[in-house]
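Undergrad: My structure file final09.cif, mmCIF, C-alpha atoms, is below:
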data_my_file
#
loop_
_atom_site.group_PDB
_atom_site.id
_atom_site.type_symbol
_atom_site.label_atom_id
_atom_site.label_comp_id
_atom_site.auth_asym_id
_atom_site.auth_seq_id
_atom_site.Cartn_x
_atom_site.Cartn_y
_atom_site.Cartn_z
ATOM 1 C CA MET V 1 0.000 0.000 0.000
ATOM 2 C CA VAL V 2 1.204 3.495 -0.797
ATOM 3 C CA ARG V 3 1.287 6.077 1.994
ATOM 4 C CA ILE V 4 1.694 9.829 1.718
ATOM 5 C CA ARG V 5 4.044 10.779 4.525
ATOM 6 C CA MET V 6 6.860 13.102 5.508
ATOM 7 C CA ASN V 7 10.581 12.588 5.064
ATOM 8 C CA ARG V 8 12.605 14.559 7.645
ATOM 9 C CA MET V 9 15.478 16.635 6.379
ATOM 10 C CA GLY V 10 17.328 19.680 7.631
ATOM 11 C CA ARG V 11 19.825 19.983 10.441
ATOM 12 C CA PRO V 12 19.355 19.337 14.176
ATOM 13 C CA HIS V 13 16.817 21.679 15.770
ATOM 14 C CA ARG V 14 15.882 22.993 12.288
ATOM 15 C CA PRO V 15 13.468 20.468 10.757
ATOM 16 C CA PHE V 16 12.363 20.517 7.140
ATOM 17 C CA TYR V 17 10.064 17.872 5.676
ATOM 18 C CA ARG V 18 9.400 16.619 2.175
ATOM 19 C CA ILE V 19 5.953 15.165 1.538
ATOM 20 C CA ASN V 20 6.276 11.962 -0.461
ATOM 21 C CA ALA V 21 4.351 9.050 -1.870
ATOM 22 C CA ILE V 22 6.145 6.031 -0.429
ATOM 23 C CA ASP V 23 5.505 2.323 0.139
ATOM 24 C CA GLN V 24 4.316 1.766 3.720
ATOM 25 C CA ARG V 25 6.958 -0.902 4.363
ATOM 26 C CA THR V 26 9.794 1.502 3.561
ATOM 27 C CA LYS V 27 11.760 3.282 6.287
ATOM 28 C CA ARG V 28 10.973 6.931 7.017
ATOM 29 C CA ASP V 29 13.911 8.191 4.945
ATOM 30 C CA GLY V 30 13.829 5.307 2.461
ATOM 31 C CA LYS V 31 13.160 5.083 -1.257
ATOM 32 C CA VAL V 32 10.509 7.534 -2.458
ATOM 33 C CA ILE V 33 8.029 6.891 -5.281
ATOM 34 C CA GLU V 34 7.262 10.570 -5.902
ATOM 35 C CA MET V 35 7.892 13.887 -4.136
ATOM 36 C CA LEU V 36 4.609 15.764 -3.693
ATOM 37 C CA GLY V 37 5.678 18.898 -1.837
ATOM 38 C CA TRP V 38 7.431 20.181 1.263
ATOM 39 C CA TYR V 39 6.680 21.582 4.723
ATOM 40 C CA ASP V 40 8.839 23.995 6.718
ATOM 41 C CA PRO V 41 7.433 24.292 10.270
ATOM 42 C CA ILE V 42 9.973 26.973 11.265
ATOM 43 C CA ALA V 43 9.100 29.452 8.471
ATOM 44 C CA THR V 44 7.378 32.584 9.763
ATOM 45 C CA ASP V 45 5.694 33.489 6.471
ATOM 46 C CA ALA V 46 2.640 31.252 5.906
ATOM 47 C CA ALA V 47 3.177 31.337 2.136
ATOM 48 C CA LYS V 48 6.670 29.870 2.539
ATOM 49 C CA GLN V 49 5.664 27.245 5.093
ATOM 50 C CA VAL V 50 3.979 24.694 2.799
ATOM 51 C CA ASN V 51 4.279 23.886 -0.899
ATOM 52 C CA LEU V 52 1.994 21.128 -2.225
ATOM 53 C CA ASN V 53 1.557 19.728 -5.719
ATOM 54 C CA ALA V 54 -2.250 19.572 -5.524
ATOM 55 C CA GLU V 55 -2.739 17.785 -8.844
ATOM 56 C CA ARG V 56 -0.394 14.910 -7.956
ATOM 57 C CA LEU V 57 -1.732 14.675 -4.396
ATOM 58 C CA LYS V 58 -5.265 14.300 -5.715
ATOM 59 C CA HIS V 59 -4.010 11.662 -8.159
ATOM 60 C CA TRP V 60 -2.404 9.578 -5.385
ATOM 61 C CA LEU V 61 -5.436 9.933 -3.123
ATOM 62 C CA ALA V 62 -7.661 8.770 -5.995
ATOM 63 C CA MET V 63 -5.345 5.758 -6.481
ATOM 64 C CA GLY V 64 -5.920 4.770 -2.839
ATOM 65 C CA ALA V 65 -2.831 6.195 -1.124
ATOM 66 C CA GLN V 66 -3.324 6.714 2.613
ATOM 67 C CA PRO V 67 -1.950 9.964 4.097
ATOM 68 C CA SER V 68 -0.349 9.967 7.532
ATOM 69 C CA ASP V 69 -2.137 11.836 10.327
ATOM 70 C CA THR V 70 0.060 14.931 10.005
ATOM 71 C CA VAL V 71 -0.211 15.000 6.211
ATOM 72 C CA THR V 72 -3.986 14.586 6.532
ATOM 73 C CA ASP V 73 -4.114 17.683 8.737
ATOM 74 C CA LEU V 74 -2.083 19.642 6.155
ATOM 75 C CA LEU V 75 -4.366 18.505 3.334
ATOM 76 C CA ILE V 76 -7.475 19.571 5.254
ATOM 77 C CA LYS V 77 -5.902 22.927 6.097
ATOM 78 C CA HIS V 78 -5.194 23.534 2.395
ATOM 79 C CA SER V 79 -8.622 22.305 1.223
ATOM 80 C CA LEU V 80 -7.344 19.183 -0.530
ATOM 81 C CA MET V 81 -9.325 16.851 1.746
ATOM 82 C CA ASP V 82 -12.498 17.303 3.770
ATOM 83 C CA GLY V 83 -12.630 17.011 7.561
ATOM 84 C CA ALA V 84 -15.320 14.296 7.541
ATOM 85 C CA LYS V 85 -12.993 11.994 5.621
ATOM 86 C CA ARG V 86 -10.261 12.597 8.214
ATOM 87 C CA LYS V 87 -12.591 11.525 11.004
ATOM 88 C CA ALA V 88 -13.460 8.337 9.116
ATOM 89 C CA VAL V 89 -9.763 7.622 8.491
ATOM 90 C CA LEU V 90 -8.857 8.108 12.156
ATOM 91 C CA GLU V 91 -11.709 5.849 13.291
ATOM 92 C CA ALA V 92 -10.653 3.143 10.845
ATOM 93 C CA ARG V 93 -7.042 3.311 12.088
ATOM 94 C CA ALA V 94 -8.163 3.129 15.721
ATOM 95 C CA GLU V 95 -10.289 0.062 14.942
ATOM 96 C CA ALA V 96 -7.345 -1.590 13.152
ATOM 97 C CA ARG V 97 -5.097 -0.940 16.164
ATOM 98 C CA LYS V 98 -7.688 -2.491 18.503
ATOM 99 C CA LYS V 99 -7.930 -5.600 16.334
ATOM 100 C CA ALA V 100 -4.141 -5.920 16.187
ATOM 101 C CA ALA V 101 -3.853 -5.540 19.947
ATOM 102 C CA ALA V 102 -6.556 -8.142 20.538
ATOM 103 C CA ALA V 103 -4.880 -10.597 18.164
ATOM 104 C CA ALA V 104 -1.423 -10.196 19.729
ATOM 105 C CA PRO V 105 -0.572 -12.763 22.396
ATOM 106 C CA PRO V 106 -0.143 -11.391 25.925
ATOM 107 C CA PRO V 107 3.449 -10.910 27.068
ATOM 108 C CA ASP V 108 4.820 -13.887 28.979
ATOM 109 C CA ALA V 109 5.341 -13.483 32.691
ATOM 110 C CA LYS V 110 8.892 -13.976 33.884
ATOM 111 C CA LYS V 111 9.527 -17.572 34.771
ATOM 112 C CA LYS V 112 11.037 -18.275 38.167
ATOM 113 C CA LYS V 113 13.471 -21.103 38.609
#
For this file, produce the structure as structure tokens.
TA:
Amino acid sequence: MVRIRMNRMGRPHRPFYRINAIDQRTKRDGKVIEMLGWYDPIATDAAKQVNLNAERLKHWLAMGAQPSDTVTDLLIKHSLMDGAKRKAVLEARAEARKKAAAAAPPPDAKKKK
């Protein structure tokens, strides 16, 4: 499955993120399918804080790519996704986490000799 998530760049204490389409099994800074924009949380000017390729983002979302929580918030803020869809996505993720936790075996208690 393809995820739309951030790739951290920049120096220590000065983060800069690229927003990428990436396979979900890949590491955070691993191989990227396509760069879709960037986010600079330190920038004071709102116009220089985020740059998104709206056409390609819409394409990947239409193909079934799942944005991370932070990217979802950015997309809603820039009117590329509606808030109701975010709520549905968060509920689906919470349900998946509950199922995974229920399916996982309980941790073994320490055995005494």
Undergrad: Do you know which residues the PyMOL selection byres ((chain V and resi 23) around 8) returns on this file, as a PyMOL selection string?
TA: chain V and resi 1-3+21-22+24-26+32-33
Undergrad: Give me the result of the PyMOL selection byres ((chain V and resi 74-78) around 12) on this file, residue by residue, as number ranges by chain.
TA: V: 4-6, 19, 36-41, 46-47, 49-54, 57-58, 61, 66-73, 79-87
Undergrad: Enter the distance from CA of Lys31 in chain V to CA of Leu90 in chain V, in Å, rounded to one decimal.
TA: 26.0 Å
Undergrad: Go ahead and fit an axis-aligned box to every listed atom of range 35-41 of chain V plus 5 Å each side, and pass me the centre and edge lengths in Å, one decimal, as JSON.
TA:
{"center_x": 6.7, "center_y": 19.1, "center_z": 3.1, "size_x": 14.2, "size_y": 20.4, "size_z": 24.4}
Undergrad: Can you work out the spacing between CA of Ala43 in chain V and CA of Arg18 in chain V in Å, to one decimal?
TA: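 About the pair CA of Ala43 in chain V and CA of Arg18 in chain V: they are 14.3 Å apart.
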Undergrad: By how many Å are CA of Ala96 in chain V and CA of Gly64 in chain V apart?
TA: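 According to the coordinates, CA of Ala96 in chain V and CA of Gly64 in chain V are separated by 17.3 Å.
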